[in-house]
Amino acid sequence: MASVTLTVNGKSVTRDVDPRTLLVEFLREQLRMTGTHVGCDTTQCGCCTVHVNGEAMKSCTLLAVAVNGATITTIEGLAKGEDLHPMQAAFREHHGLQCGFCTPGMIMSAVDMVRRKGTDLDDKTIREELEGNICRCTGYHNIVKAIHYGAEAMGKAGTAAE
Amino acid sequence: MSGTGIGARVLRKEDFRFITGKGQYTDDVNRYGQAHAVFLRSPHAHAEIRSIKLDAARAMPGVVDIFTGDDLAADKIGGLICGWMIHSKDGSPMKAGAHPALAQGKVRYVGDHVAVVIAETQAQARDAIEKIEVDYKVLSPVVAMADAVKKGAPVIHDVASDNTVYNWSLGDEAGTQAAFAKAAHVTKLDIVNNRLVPNPMEPRAAVGDYDSGTGGFTLYTTSQNPHVARLVLSAFIGIAPEHKLRVIAPDVGGGFGSKIFIYAEETVCVWAAKKVGRPVKWVADRTEAFLSDAHGRDHVTHAEMALDASGKILGLRVKTQANLGAYLSTFSSCVPTYLYAPLLSGQYDIPAIYVEVDGIYTNTAPVDAYRGAGRPEATFVIERMVEVAARELKQDPAAFRRKNFVRSFPHQTPVIMCYDAGDYDAAMTKALEMSDYKNIGARKAASAKKGLLRGIGFSAYIEACGIAPSAAVGSLGAGVGLWESAEVRVNPVGTVEILTGSHSHGQGHETTFAQLVSERLGIPIDNVAIVHGDTDKVQMGMGTYGSRSGAVGMSAISKALDKIEAKAKKVAGFVLEASPDDIEFKDGKFSVRGTDKEIDFGSVALQAYIAHKFNGQELEPGLKESAFWDPTNFTFPAGVHICELEIDPATGVTRIDRWTAVDDFGNVINPMIVEGQVHGGIAQGVGQALLEGAVYDASGQLVTASYMDYSMPRAGDLPSYDVGMTQTACPSNPLGIKGCGEAGAIAAPPAVMNAITDAIGHEGIAMPATPLAVWRAVQKTAPRAAAE
């Protein structure tokens, strides 16, 4: 067993785990935070995207021991109580989700996209930057729209530099 | 219309939990003391199992138990079933081979289920399956349909010595022959409809639980129709009687057909929960999903169209081979027959049609319904044929279609369907305007100047949704009725719970169904809860597929609301001391006609439960009603999609420049949600046309079994969509709804391929039109060839 300590959504947690435990397993099984999903196990679909020390990473191919000591933000840590993060609100406002399974990863990627690319995102940039996130329901039309307006709202709210 | 009623763009009620990570999918369900199941799958496409040695695996750390097909057989657990009987044209029943949940003596495709290991953790179960020793006698596989039907081909099921499930036909052979005899022109085309893997983003999963105190089983599963799962697991597979089996399909992450079916894994998990005395959980990884989810499409077709000199269609003759895989999945048999051939008339007045379909076994994963199920295959045939016929006759593709459109309703086609309402010209006119068709010549010239090939493709599709009238499908071989049920429970304070047999896995029923209730009862939408997906809460239902939840599911709710209104008027009559006949109900208020006496809905609900104002013998207390709705006809959504694209002849890369969709879905409950369904459908159709294809090699190995090998459409592959609507109300249900869930996936593939073949100037390319395929096709200098 290996001891792993992480700060997850602002709270420090320590667990003894099988060394082969993936970060997503640590979150889902050790902490029972099931908002982070597994869609493909091969770093392709992006359903498992979380922020590791502020950067978007796919937690399905990352060993928990490899990020020992890191600060993690998951979809559960984005809203402040009932107050949605602007990107969450934009996905709802623009119907950027249907079944909801890819949505946590989409939102975590989108927030990171704004960190890297700014709050004024054109459609071409958004589509290119979404290469690592697959959605089977929406055809992306409304996801692209949601990220565009979500980015704009993050700019206005001053949440771009999360 | 109120702000939250029918026709309003209401934001989705379900979204808050999904965007905050609080959705509850099957993999998020954890039962106290649960163990984990991992399946040993066949590495061979076709093999006899001589022996299975489990000792080494049993000794592995954490192993709780291991089961094989013998254990299921010893407990008299039946095989998986196919619920739709198809008869061959000679009258003989389809040849359905046995489909055990765990193999008995033979495996028939790569991924077939050999054994299950149940261990303390999923990792330990995975380790242990590596230690199971199976002695296989490898048999020659048949992978391609053409090989399966050759004389002397290896036999997959003893009951079907020619690997043929059925030779089925529909239509008037002699009449069609006569139409061809008088034809001035015959268009011929060979058409392949590529095999797809549905790929909802949530992999399938199951958690089985058994309560030894009550003898009751509970199965949490990724299902589009939990009641059908319970029915099959109970009545046919024999897990437990229905009252001892609860099936819960919680939040489900997309289905697209692939979660209709009752699979081996959930069968084994719920059975094994009793065997090991602990809850048993299984979650597919993505490669397992590729290997064992039912695939879609996979047709090979030759079609011929007879035309007179003016371009009027006289007849259509179609011969299709449909790959059904290694076993008949739950509804597989009806997909290439009754969900396919009856749609081959398209939007056109065709006097004579004859169709033959051979269902073929191969050593590949079972093939069943995938978004559109039979209707995309039919639409691909008729819309490619019409486009090619117009080209051969040198007629404008839009004008050619108009010449042949059905214009009077009801219209009885030669292939079962009776179209009830539509206006195909209206959709065509609107689509031509939205797409700026009149300037396509200038746009083609502009592309040519840049060295690019621009093409435009039409798809004037029709589909049959709202499945379906029970008596009609029963006469065609269905083992079930396809009605829907609803229960409306009004609470004493006037809030409402709707229990529905429809299941939402992305469609937004918690919003649209609540909109109907808000409109009808005049109460805030937040006062309405939609309950679904649990057989202990909802008594019975047939689930969600075939774009049926609006047309059939909401019609059942509407019917139950009629009863609520009638009873509430009686209650109001007692309270207001008036005859129920004099009570009017409008905007949430009951009033006595011609007076100012009124009472609101919530107060009537309270009066119904306290029952102070009436004698409980003359009117029962309470306010709760249920209804079943069995449709009188299919519904017929139709529309025109136009794809315009540019091809770079140097690289073969296709870029879709604009997409115009004009759909007639009848009355629309929530345009925002309907547009989202159209977008998603188009994306899957474009995926089929440009990117996706399941590929087995000659030995039967699935070489496209991950997202690194199977090309899923990503944001950068797709355009934005210009979506418009026309409306003719559907006459066969009280809400006038036709259904929108599958339209895009049905319409899109021929629109793309008609555009690509327009751009390259010949028909010699098949789906998926990858850059390599397009580049090769561009190199062909041969004149337009009728090969695809």
# chains A, B, ... in the order shown; residues from 1 in each chain; ligands from 1
>>> interface_residues(of="chain A", to="chain B", cutoff="6 Å", atoms="only C-alpha atoms", output="PyMOL selection string")
chain A and resi 34-35+39-40+75-76+88+98-101+127-128+134+137-141
>>> write_last_selection(atoms="N, CA and C atoms", output="tab-separated table (two decimals), in the first residue's frame")
chain	number	residue	atom	x	y	z
A	34	THR	N	-18.24	11.13	-7.15
A	34	THR	CA	-18.54	10.42	-8.40
A	34	THR	C	-18.86	11.35	-9.56
A	35	GLY	N	-18.61	12.64	-9.39
A	35	GLY	CA	-18.86	13.56	-10.50
A	35	GLY	C	-17.85	13.40	-11.63
A	39	GLY	N	-14.97	7.39	-19.18
A	39	GLY	CA	-15.65	7.07	-20.43
A	39	GLY	C	-14.86	6.18	-21.36
A	40	CYS	N	-13.52	6.13	-21.20
A	40	CYS	CA	-12.76	5.36	-22.20
A	40	CYS	C	-11.50	4.70	-21.67
A	75	ILE	N	-15.23	18.62	-10.52
A	75	ILE	CA	-16.49	19.30	-10.86
A	75	ILE	C	-17.25	19.68	-9.59
A	76	GLU	N	-17.10	18.86	-8.54
A	76	GLU	CA	-17.83	19.15	-7.29
A	76	GLU	C	-17.30	20.41	-6.61
A	88	GLN	N	-20.37	26.64	-15.66
A	88	GLN	CA	-21.49	25.73	-15.39
A	88	GLN	C	-22.81	26.39	-15.81
A	98	GLN	N	-26.77	16.97	-22.70
A	98	GLN	CA	-27.99	16.15	-22.78
A	98	GLN	C	-27.95	15.07	-21.72
A	99	CYS	N	-27.17	13.99	-21.95
A	99	CYS	CA	-27.16	12.92	-20.94
A	99	CYS	C	-26.34	13.30	-19.72
A	100	GLY	N	-25.43	14.25	-19.87
A	100	GLY	CA	-24.68	14.76	-18.73
A	100	GLY	C	-23.42	13.99	-18.39
A	101	PHE	N	-23.14	12.89	-19.10
A	101	PHE	CA	-22.01	12.06	-18.69
A	101	PHE	C	-20.67	12.70	-19.03
A	127	ARG	N	-13.39	24.69	-30.92
A	127	ARG	CA	-13.50	23.34	-31.51
A	127	ARG	C	-12.14	22.64	-31.50
A	128	GLU	N	-11.07	23.38	-31.82
A	128	GLU	CA	-9.74	22.76	-31.79
A	128	GLU	C	-9.35	22.34	-30.37
A	134	ILE	N	-14.90	14.12	-25.88
A	134	ILE	CA	-15.90	13.59	-26.81
A	134	ILE	C	-17.28	13.68	-26.17
A	137	CYS	N	-23.87	13.17	-27.57
A	137	CYS	CA	-25.28	13.61	-27.60
A	137	CYS	C	-25.51	14.89	-28.38
A	138	THR	N	-24.69	15.90	-28.16
A	138	THR	CA	-25.08	17.27	-28.54
A	138	THR	C	-24.64	17.68	-29.94
A	139	GLY	N	-23.74	16.91	-30.56
A	139	GLY	CA	-23.18	17.35	-31.84
A	139	GLY	C	-22.30	18.59	-31.69
A	140	TYR	N	-21.98	18.95	-30.45
A	140	TYR	CA	-21.06	20.02	-30.06
A	140	TYR	C	-21.57	21.44	-30.28
A	141	HIS	N	-22.57	21.61	-31.14
A	141	HIS	CA	-23.07	22.95	-31.50
A	141	HIS	C	-23.29	23.81	-30.25
>>> select_by_dssp(residues="segment 143-295 of chain B", states="strand (DSSP E)", output="PyMOL selection string")
chain B and resi 164-171+185-196+205-211+216-221+245-248+280-283
>>> write_last_selection(atoms="C-alpha atoms", output="PDB file, in the first residue's frame")
ATOM      1  CA  THR B 164     -29.116 -17.536 -42.645  1.00  0.00           C
ATOM      2  CA  VAL B 165     -31.639 -16.398 -40.028  1.00  0.00           C
ATOM      3  CA  TYR B 166     -34.356 -15.616 -42.549  1.00  0.00           C
ATOM      4  CA  ASN B 167     -35.036 -14.853 -46.202  1.00  0.00           C
ATOM      5  CA  TRP B 168     -37.752 -12.248 -45.798  1.00  0.00           C
ATOM      6  CA  SER B 169     -39.659 -10.216 -48.332  1.00  0.00           C
ATOM      7  CA  LEU B 170     -42.177  -7.400 -48.464  1.00  0.00           C
ATOM      8  CA  GLY B 171     -44.204  -5.946 -51.310  1.00  0.00           C
ATOM      9  CA  HIS B 185     -34.869   4.312 -67.509  1.00  0.00           C
ATOM     10  CA  VAL B 186     -33.555   2.104 -64.727  1.00  0.00           C
ATOM     11  CA  THR B 187     -31.125   3.402 -62.102  1.00  0.00           C
ATOM     12  CA  LYS B 188     -29.017   0.765 -60.369  1.00  0.00           C
ATOM     13  CA  LEU B 189     -26.774   1.135 -57.369  1.00  0.00           C
ATOM     14  CA  ASP B 190     -24.793  -1.084 -55.018  1.00  0.00           C
ATOM     15  CA  ILE B 191     -24.916   0.351 -51.536  1.00  0.00           C
ATOM     16  CA  VAL B 192     -23.026  -0.489 -48.356  1.00  0.00           C
ATOM     17  CA  ASN B 193     -24.318   0.795 -45.038  1.00  0.00           C
ATOM     18  CA  ASN B 194     -21.295   0.650 -42.781  1.00  0.00           C
ATOM     19  CA  ARG B 195     -21.240  -1.044 -39.419  1.00  0.00           C
ATOM     20  CA  LEU B 196     -21.224   1.324 -36.459  1.00  0.00           C
ATOM     21  CA  ALA B 205     -22.816  -1.181 -16.064  1.00  0.00           C
ATOM     22  CA  ALA B 206     -24.829  -3.278 -13.633  1.00  0.00           C
ATOM     23  CA  VAL B 207     -25.108  -3.748  -9.881  1.00  0.00           C
ATOM     24  CA  GLY B 208     -27.003  -6.827  -8.740  1.00  0.00           C
ATOM     25  CA  ASP B 209     -28.277  -7.095  -5.185  1.00  0.00           C
ATOM     26  CA  TYR B 210     -30.157  -9.818  -3.331  1.00  0.00           C
ATOM     27  CA  ASP B 211     -32.021  -9.526  -0.038  1.00  0.00           C
ATOM     28  CA  GLY B 216     -36.062  -9.962  -3.525  1.00  0.00           C
ATOM     29  CA  PHE B 217     -33.514  -9.017  -6.178  1.00  0.00           C
ATOM     30  CA  THR B 218     -32.573  -5.484  -7.192  1.00  0.00           C
ATOM     31  CA  LEU B 219     -30.720  -4.671 -10.397  1.00  0.00           C
ATOM     32  CA  TYR B 220     -29.289  -1.235 -11.085  1.00  0.00           C
ATOM     33  CA  THR B 221     -28.523  -1.088 -14.772  1.00  0.00           C
ATOM     34  CA  LEU B 245     -37.243  -8.335  -9.052  1.00  0.00           C
ATOM     35  CA  ARG B 246     -36.776  -4.589  -8.993  1.00  0.00           C
ATOM     36  CA  VAL B 247     -34.929  -2.981 -11.873  1.00  0.00           C
ATOM     37  CA  ILE B 248     -33.624   0.555 -11.490  1.00  0.00           C
ATOM     38  CA  VAL B 280     -22.096  -7.668  -7.458  1.00  0.00           C
ATOM     39  CA  LYS B 281     -20.998  -4.732  -9.581  1.00  0.00           C
ATOM     40  CA  TRP B 282     -19.766  -4.728 -13.159  1.00  0.00           C
ATOM     41  CA  VAL B 283     -18.701  -1.738 -15.226  1.00  0.00           C
TER      42      VAL B 283
END
>>> atom_distance(atom1="atom CA of Ala442 of chain B", atom2="atom CA of Arg454 of chain B")
10.4 Å
>>> closest_residue(among="A:Arg92, A:Met108, A:Cys47, A:Asp122", to="Arg136 of chain A", atoms="only C-alpha atoms")
A:Cys47
>>> residues_around(residues="Thr71 of chain A", least_positions_apart="3", cutoff="8 Å", atoms="only C-alpha atoms", output="list of chain:residue names")
A:Leu6, A:Thr7, A:Val8, A:Asn9, A:Gly10, A:Val52, A:Asn53, A:Gly54
>>> write_last_selection(atoms="N, CA and C atoms", output="mmCIF file, in the first residue's frame")
data_model
loop_
_atom_site.group_PDB
_atom_site.id
_atom_site.type_symbol
_atom_site.label_atom_id
_atom_site.label_comp_id
_atom_site.auth_asym_id
_atom_site.auth_seq_id
_atom_site.Cartn_x
_atom_site.Cartn_y
_atom_site.Cartn_z
ATOM 1 N N LEU A 6 -3.655 14.369 -0.820
ATOM 2 C CA LEU A 6 -4.045 15.347 -1.835
ATOM 3 C C LEU A 6 -4.889 16.426 -1.169
ATOM 4 N N THR A 7 -4.893 17.606 -1.775
ATOM 5 C CA THR A 7 -5.866 18.621 -1.376
ATOM 6 C C THR A 7 -6.934 18.641 -2.453
ATOM 7 N N VAL A 8 -8.107 18.154 -2.105
ATOM 8 C CA VAL A 8 -9.175 18.027 -3.094
ATOM 9 C C VAL A 8 -10.277 19.024 -2.760
ATOM 10 N N ASN A 9 -10.513 19.931 -3.692
ATOM 11 C CA ASN A 9 -11.525 20.989 -3.520
ATOM 12 C C ASN A 9 -11.333 21.694 -2.166
ATOM 13 N N GLY A 10 -10.071 21.953 -1.858
ATOM 14 C CA GLY A 10 -9.747 22.745 -0.674
ATOM 15 C C GLY A 10 -9.593 21.967 0.617
ATOM 16 N N VAL A 52 -5.319 19.549 -11.923
ATOM 17 C CA VAL A 52 -4.224 19.159 -11.042
ATOM 18 C C VAL A 52 -3.277 20.351 -10.956
ATOM 19 N N ASN A 53 -3.170 20.917 -9.770
ATOM 20 C CA ASN A 53 -2.390 22.145 -9.572
ATOM 21 C C ASN A 53 -2.779 23.198 -10.609
ATOM 22 N N GLY A 54 -4.079 23.270 -10.898
ATOM 23 C CA GLY A 54 -4.600 24.328 -11.762
ATOM 24 C C GLY A 54 -4.638 24.003 -13.237
#
>>> residues_around(residues="Met57 of chain A", least_positions_apart="4", cutoff="10 Å", atoms="only C-alpha atoms", output="PyMOL selection string")
chain A and resi 43+46+48-53+61-62+72+105+108-109+112
>>> closest_residue(among="B:Phe400, B:Tyr348, B:Tyr609, B:Tyr437", to="Val493 of chain B", atoms="only C-alpha atoms")
B:Tyr609
>>> closest_residue(among="B:Ser258, B:Ser518, B:Thr330, B:Gln539", to="Glu484 of chain B", atoms="only C-alpha atoms")
B:Gln539
>>> select_by_dssp(residues="segment 5-149 of chain A", states="alpha helix (DSSP H)", output="ChimeraX atom specification")
/A:23-25,86-93,103-117,123-129,141-149
>>> residues_around(residues="segment 588-596 of chain B", least_positions_apart="2", cutoff="10 Å", atoms="only C-alpha atoms", output="number ranges by chain")
B: 518-524, 565, 568-569, 571-573, 576-586, 598-604
>>> residues_around(residues="segment 413-429 of chain B", least_positions_apart="3", cutoff="6 Å", atoms="only C-alpha atoms", output="PDB file with C-alpha atoms, in the first residue's frame")
ATOM      1  CA  GLY B 171     -44.204  -5.946 -51.310  1.00  0.00           C
ATOM      2  CA  PRO B 342     -41.634  -0.074 -44.844  1.00  0.00           C
ATOM      3  CA  PHE B 409     -52.830  12.431 -47.208  1.00  0.00           C
ATOM      4  CA  PRO B 410     -53.487   9.888 -45.932  1.00  0.00           C
ATOM      5  CA  LEU B 432     -33.725  25.770 -50.459  1.00  0.00           C
ATOM      6  CA  GLY B 639     -37.880  16.931 -43.590  1.00  0.00           C
ATOM      7  CA  VAL B 640     -35.111  18.051 -45.882  1.00  0.00           C
ATOM      8  CA  VAL B 662     -35.709  21.668 -41.998  1.00  0.00           C
ATOM      9  CA  THR B 728     -48.084  19.734 -39.697  1.00  0.00           C
TER      10      THR B 728
END
>>> residues_around(residues="Leu63 of chain A", least_positions_apart="4", cutoff="8 Å", atoms="only C-alpha atoms", output="MDAnalysis selection string")
chainID A and resid 19:23 59 67
>>> atom_distance(atom1="atom CA of Gln124 of chain B", atom2="atom CA of Val63 of chain B")
7.0 Å
>>> decode(residues="segment 5-43 of chain A", atoms="N, CA and C atoms", output="PDB file, in the first residue's frame")
ATOM      1  N   THR A   5      -1.507  11.760  -0.201  1.00  0.00           N
ATOM      2  CA  THR A   5      -2.156  12.940   0.378  1.00  0.00           C
ATOM      3  C   THR A   5      -2.434  13.941  -0.738  1.00  0.00           C
ATOM      4  N   LEU A   6      -3.655  14.369  -0.820  1.00  0.00           N
ATOM      5  CA  LEU A   6      -4.045  15.347  -1.835  1.00  0.00           C
ATOM      6  C   LEU A   6      -4.889  16.426  -1.169  1.00  0.00           C
ATOM      7  N   THR A   7      -4.893  17.606  -1.775  1.00  0.00           N
ATOM      8  CA  THR A   7      -5.866  18.621  -1.376  1.00  0.00           C
ATOM      9  C   THR A   7      -6.934  18.641  -2.453  1.00  0.00           C
ATOM     10  N   VAL A   8      -8.107  18.154  -2.105  1.00  0.00           N
ATOM     11  CA  VAL A   8      -9.175  18.027  -3.094  1.00  0.00           C
ATOM     12  C   VAL A   8     -10.277  19.024  -2.760  1.00  0.00           C
ATOM     13  N   ASN A   9     -10.513  19.931  -3.692  1.00  0.00           N
ATOM     14  CA  ASN A   9     -11.525  20.989  -3.520  1.00  0.00           C
ATOM     15  C   ASN A   9     -11.333  21.694  -2.166  1.00  0.00           C
ATOM     16  N   GLY A  10     -10.071  21.953  -1.858  1.00  0.00           N
ATOM     17  CA  GLY A  10      -9.747  22.745  -0.674  1.00  0.00           C
ATOM     18  C   GLY A  10      -9.593  21.967   0.617  1.00  0.00           C
ATOM     19  N   LYS A  11      -9.785  20.647   0.546  1.00  0.00           N
ATOM     20  CA  LYS A  11      -9.726  19.857   1.774  1.00  0.00           C
ATOM     21  C   LYS A  11      -8.600  18.828   1.665  1.00  0.00           C
ATOM     22  N   SER A  12      -7.781  18.721   2.704  1.00  0.00           N
ATOM     23  CA  SER A  12      -6.681  17.770   2.657  1.00  0.00           C
ATOM     24  C   SER A  12      -7.181  16.359   2.997  1.00  0.00           C
ATOM     25  N   VAL A  13      -6.785  15.393   2.154  1.00  0.00           N
ATOM     26  CA  VAL A  13      -7.196  14.003   2.407  1.00  0.00           C
ATOM     27  C   VAL A  13      -5.987  13.088   2.281  1.00  0.00           C
ATOM     28  N   THR A  14      -5.921  12.080   3.116  1.00  0.00           N
ATOM     29  CA  THR A  14      -4.847  11.090   3.047  1.00  0.00           C
ATOM     30  C   THR A  14      -5.464   9.698   3.064  1.00  0.00           C
ATOM     31  N   ARG A  15      -5.009   8.860   2.124  1.00  0.00           N
ATOM     32  CA  ARG A  15      -5.514   7.479   2.110  1.00  0.00           C
ATOM     33  C   ARG A  15      -4.356   6.540   1.790  1.00  0.00           C
ATOM     34  N   ASP A  16      -4.403   5.336   2.354  1.00  0.00           N
ATOM     35  CA  ASP A  16      -3.464   4.282   1.969  1.00  0.00           C
ATOM     36  C   ASP A  16      -4.109   3.487   0.846  1.00  0.00           C
ATOM     37  N   VAL A  17      -3.446   3.459  -0.301  1.00  0.00           N
ATOM     38  CA  VAL A  17      -4.060   2.798  -1.454  1.00  0.00           C
ATOM     39  C   VAL A  17      -3.080   1.839  -2.122  1.00  0.00           C
ATOM     40  N   ASP A  18      -3.649   0.893  -2.876  1.00  0.00           N
ATOM     41  CA  ASP A  18      -2.880   0.043  -3.780  1.00  0.00           C
ATOM     42  C   ASP A  18      -2.089   0.987  -4.708  1.00  0.00           C
ATOM     43  N   PRO A  19      -0.788   0.754  -4.863  1.00  0.00           N
ATOM     44  CA  PRO A  19       0.016   1.708  -5.652  1.00  0.00           C
ATOM     45  C   PRO A  19      -0.485   1.892  -7.084  1.00  0.00           C
ATOM     46  N   ARG A  20      -1.244   0.913  -7.612  1.00  0.00           N
ATOM     47  CA  ARG A  20      -1.714   1.062  -8.997  1.00  0.00           C
ATOM     48  C   ARG A  20      -3.017   1.872  -9.097  1.00  0.00           C
ATOM     49  N   THR A  21      -3.467   2.416  -7.972  1.00  0.00           N
ATOM     50  CA  THR A  21      -4.710   3.184  -7.978  1.00  0.00           C
ATOM     51  C   THR A  21      -4.577   4.438  -8.840  1.00  0.00           C
ATOM     52  N   LEU A  22      -5.502   4.600  -9.750  1.00  0.00           N
ATOM     53  CA  LEU A  22      -5.509   5.784 -10.609  1.00  0.00           C
ATOM     54  C   LEU A  22      -6.130   6.955  -9.853  1.00  0.00           C
ATOM     55  N   LEU A  23      -5.811   8.148 -10.290  1.00  0.00           N
ATOM     56  CA  LEU A  23      -6.380   9.324  -9.623  1.00  0.00           C
ATOM     57  C   LEU A  23      -7.907   9.273  -9.654  1.00  0.00           C
ATOM     58  N   VAL A  24      -8.464   8.869 -10.815  1.00  0.00           N
ATOM     59  CA  VAL A  24      -9.933   8.843 -10.895  1.00  0.00           C
ATOM     60  C   VAL A  24     -10.507   7.816  -9.920  1.00  0.00           C
ATOM     61  N   GLU A  25      -9.801   6.714  -9.712  1.00  0.00           N
ATOM     62  CA  GLU A  25     -10.279   5.717  -8.740  1.00  0.00           C
ATOM     63  C   GLU A  25     -10.181   6.270  -7.317  1.00  0.00           C
ATOM     64  N   PHE A  26      -9.106   7.010  -7.068  1.00  0.00           N
ATOM     65  CA  PHE A  26      -8.942   7.637  -5.752  1.00  0.00           C
ATOM     66  C   PHE A  26     -10.131   8.552  -5.472  1.00  0.00           C
ATOM     67  N   LEU A  27     -10.493   9.364  -6.464  1.00  0.00           N
ATOM     68  CA  LEU A  27     -11.593  10.313  -6.276  1.00  0.00           C
ATOM     69  C   LEU A  27     -12.932   9.589  -6.135  1.00  0.00           C
ATOM     70  N   ARG A  28     -13.171   8.645  -7.034  1.00  0.00           N
ATOM     71  CA  ARG A  28     -14.488   7.998  -7.083  1.00  0.00           C
ATOM     72  C   ARG A  28     -14.666   6.984  -5.957  1.00  0.00           C
ATOM     73  N   GLU A  29     -13.627   6.187  -5.699  1.00  0.00           N
ATOM     74  CA  GLU A  29     -13.809   5.071  -4.775  1.00  0.00           C
ATOM     75  C   GLU A  29     -13.377   5.414  -3.347  1.00  0.00           C
ATOM     76  N   GLN A  30     -12.261   6.133  -3.210  1.00  0.00           N
ATOM     77  CA  GLN A  30     -11.811   6.477  -1.863  1.00  0.00           C
ATOM     78  C   GLN A  30     -12.634   7.632  -1.298  1.00  0.00           C
ATOM     79  N   LEU A  31     -12.880   8.634  -2.115  1.00  0.00           N
ATOM     80  CA  LEU A  31     -13.573   9.823  -1.616  1.00  0.00           C
ATOM     81  C   LEU A  31     -15.059   9.815  -1.948  1.00  0.00           C
ATOM     82  N   ARG A  32     -15.513   8.849  -2.778  1.00  0.00           N
ATOM     83  CA  ARG A  32     -16.914   8.762  -3.212  1.00  0.00           C
ATOM     84  C   ARG A  32     -17.369  10.064  -3.878  1.00  0.00           C
ATOM     85  N   MET A  33     -16.426  10.700  -4.579  1.00  0.00           N
ATOM     86  CA  MET A  33     -16.786  11.872  -5.377  1.00  0.00           C
ATOM     87  C   MET A  33     -16.991  11.368  -6.805  1.00  0.00           C
ATOM     88  N   THR A  34     -18.239  11.133  -7.154  1.00  0.00           N
ATOM     89  CA  THR A  34     -18.538  10.420  -8.396  1.00  0.00           C
ATOM     90  C   THR A  34     -18.862  11.353  -9.564  1.00  0.00           C
ATOM     91  N   GLY A  35     -18.613  12.635  -9.389  1.00  0.00           N
ATOM     92  CA  GLY A  35     -18.857  13.562 -10.504  1.00  0.00           C
ATOM     93  C   GLY A  35     -17.854  13.404 -11.629  1.00  0.00           C
ATOM     94  N   THR A  36     -16.664  12.924 -11.322  1.00  0.00           N
ATOM     95  CA  THR A  36     -15.644  12.669 -12.337  1.00  0.00           C
ATOM     96  C   THR A  36     -15.896  11.282 -12.928  1.00  0.00           C
ATOM     97  N   HIS A  37     -16.085  11.231 -14.242  1.00  0.00           N
ATOM     98  CA  HIS A  37     -16.524   9.980 -14.876  1.00  0.00           C
ATOM     99  C   HIS A  37     -15.412   9.311 -15.677  1.00  0.00           C
ATOM    100  N   VAL A  38     -15.596   8.016 -15.929  1.00  0.00           N
ATOM    101  CA  VAL A  38     -14.674   7.279 -16.786  1.00  0.00           C
ATOM    102  C   VAL A  38     -15.416   6.875 -18.054  1.00  0.00           C
ATOM    103  N   GLY A  39     -14.971   7.386 -19.182  1.00  0.00           N
ATOM    104  CA  GLY A  39     -15.652   7.067 -20.433  1.00  0.00           C
ATOM    105  C   GLY A  39     -14.864   6.177 -21.360  1.00  0.00           C
ATOM    106  N   CYS A  40     -13.524   6.132 -21.200  1.00  0.00           N
ATOM    107  CA  CYS A  40     -12.763   5.356 -22.197  1.00  0.00           C
ATOM    108  C   CYS A  40     -11.500   4.700 -21.669  1.00  0.00           C
ATOM    109  N   ASP A  41     -11.008   5.081 -20.550  1.00  0.00           N
ATOM    110  CA  ASP A  41      -9.781   4.531 -19.926  1.00  0.00           C
ATOM    111  C   ASP A  41      -8.510   4.772 -20.729  1.00  0.00           C
ATOM    112  N   THR A  42      -8.569   5.526 -21.813  1.00  0.00           N
ATOM    113  CA  THR A  42      -7.373   5.682 -22.653  1.00  0.00           C
ATOM    114  C   THR A  42      -7.063   7.147 -22.968  1.00  0.00           C
ATOM    115  N   THR A  43      -7.500   8.054 -22.117  1.00  0.00           N
ATOM    116  CA  THR A  43      -7.153   9.472 -22.262  1.00  0.00           C
ATOM    117  C   THR A  43      -7.696  10.084 -23.547  1.00  0.00           C
TER     118      THR A  43
END
